[in-house]
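Input: a single structure, listed below in structure tokens.
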Amino acid sequence: MSYPVRNLIEGRNEPISVRPTDSAQRAFGLMIEHDFSQLPVIDEAKKPLGMITHGSILRALSNFDVQLEELGVSNAIVKAQTYRLEDDLFDLLDRLKETNAVLIVDGEEKLIGIVTSYDSTEYFRRRAEDMMLVEDIETTIKDFVSTIFADETGEPDQENLARAIEQVTSSHRALLGRYRNALRHYLKLQGQEQPQIDSDHAEESFSNLAPKEKPKAFDDLTLYEYTELLLYKDHWGLYRPFFDLESSALRNLLSAVRDTRNDLAHFRGEISATQRDQLRFCADWLARHPVEQLTEHLFGIPVSWPLYEGKTAREPIVIREAESAYETSAQADDTLIPMEEVLGPDDSRYAPLAIWLQSRPAKDDRVQITFEEVEEIIEEDLPPSARKHRAWWANDSVGHVQSQQWLDVGWRVAQINMTEERVAFARIREREAAYIDFFSALLTGMREKPGFPLRNLSPDGHSWHTAARLPDPGPAHLHFAFSFARGRRFRVELYIDSGDKEKNKRVFDRLRANRDEFHEAIGDPIGWERLSEKRASRIALYHPGSITDATETLVALRDWAVDAMVRFYETLAEPSLRALGEAESSTC
């Protein structure tokens, strides 16, 4: 598709220009007056001869050794590339890499416009801002729908939502209605004046003609479909007083927004001032009807934070201290959370947030934190758009780098309060179920390995599981664990955490001193992660794998993990116990 140059100059006045007979002083004065870096130079027929710029004037003054008032425009002209209105915008952008401005001419080669690097940047900035407004609107509509179809826990009622999605997306029901009408007409032709159609039999016979379509996933719906769910007739009466508006009026507004969105997405020219104002009006109107207030309207829950008070325990945020922020089993029989990692230069700036979420205890299905606390976690300021646009927090697994981080570790944004600058994250239930299925099968495989001291624990929906701990009996300091890591990797690891950082490092260093021997015994490459700034240390085997992989891939991953853990434990259990004993005796 061509993106014509006319989009950049549509609606502009004729550009300010000079003639070759004008003085350079006049040209320079016009540039200062209008804050321009250059001016087109045209002849009497308004055809461009080139441009005069700050730089061309300075070069001419230097080479002619004259004063500004002595210099004419004709002696400081530089060449300028010309384009037509129908030329491709991206061809023009290529030229702007080499020069600061180009000239636009009509079919008679007469000057009708000028486009600068600033113009092109501003054009795409404005379009991006327009698209962000559209995304804000769509995100808010999605949040409304999620609230409307929520169960008593505040999570979407998937069964009810799936039925509604089928109603608004599938042509199956409409075709079924036409099929029933055709059956009635057929029976009338057969002599039945008032034919009766059995609905169940009609639907069963119709399924042979048109198999029922699988409902679309909620996140795959279009803006039109989200709008139809918001205005779903079975629910609208419940919250119509909240909006104080007829559904037809809201549909008119959102339909116009959808048309504008399509114009922007397909570069159908510059949207009008009316369309842009309508986007702002819609975004502002929605902002005056916060999702939190809709929740209060529907369920009688006070508009306060957290939304579901008492359902989530908040913990102090402890970020990147030398000591571990996580509980281990050093003093008690608590579940290990082996999430200590050192981030590399290629990691996302939002990776610390993903690690923090992944390390939440099992009891925390939902956590609420402020934007400021998010900044403490990532140790950077959030971009301005995070505080300006609700869409920045959208659960977009494709277009948003930040949301890819929390989605990859099994969390989603469940609620966002832009006014109070707070965000609620909730575990993805489907992801938890997938982890339980994976580790249940994995532990079944481990039980078939004689001699392995497998812990008697059931998977709880986390992305890791501790298979064995040493010493036994006594306070466990050496943890043999399975874990899904960031970057679509799975690891079998020895996680060293006695609760004493110096002791952990001594154990690690003693083991690493014999790494060649361990490499030869295990066969696979071993990752030696001292984690010098952290309390714990890790020795690990890695394998590509994510819980979202296909079933056959996960089966192969489990087979590898079982075999790797057995080899890993047989090789490292006794040496690590000896290293631990030596590390403890050296402190006495």
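Ligands are numbered from 1 in the order shown, chains are lettered A, B, ... in the order of the structure tokens, and residues start at 1 in each chain.
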
Those in segment 143-306 of chain A with helix (DSSP H, G or I) from DSSP, as an NGL selection string: :A and (143-148 or 158-169 or 172-189 or 199-209 or 218-220 or 223-230 or 233-243 or 247-265 or 273-287 or 291-299)

Which of A:Gly55, A:Gly487, A:Gly29, A:Gly72 sits closest to Ser348 of chain A [using only C-alpha atoms]: A:Gly487

Residues within 12 Å of Val66 of chain A, only C-alpha atoms, excluding chain neighbours under 5 positions, as number ranges by chain: A: 24, 57-61, 71-72, 75

Selection above as a file: C-alpha atoms, as a CSV table (one decimal), in the first residue's frame:
chain,number,residue,atom,x,y,z
A,24,ALA,CA,20.1,37.1,1.7
A,57,ILE,CA,24.3,31.6,3.7
A,58,LEU,CA,27.3,31.1,6.0
A,59,ARG,CA,29.2,29.3,3.3
A,60,ALA,CA,28.6,32.0,0.8
A,61,LEU,CA,29.6,34.8,3.2
A,71,LEU,CA,24.8,39.0,-0.5
A,72,GLY,CA,21.9,38.0,-2.9
A,75,ASN,CA,24.4,33.3,-4.7

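Take the candidates A:Ile148, A:Val41, A:Ile165, A:Ala287 and check each one against Tyr239 of chain A using only C-alpha atoms; the shortest distance goes to A:Ile148.
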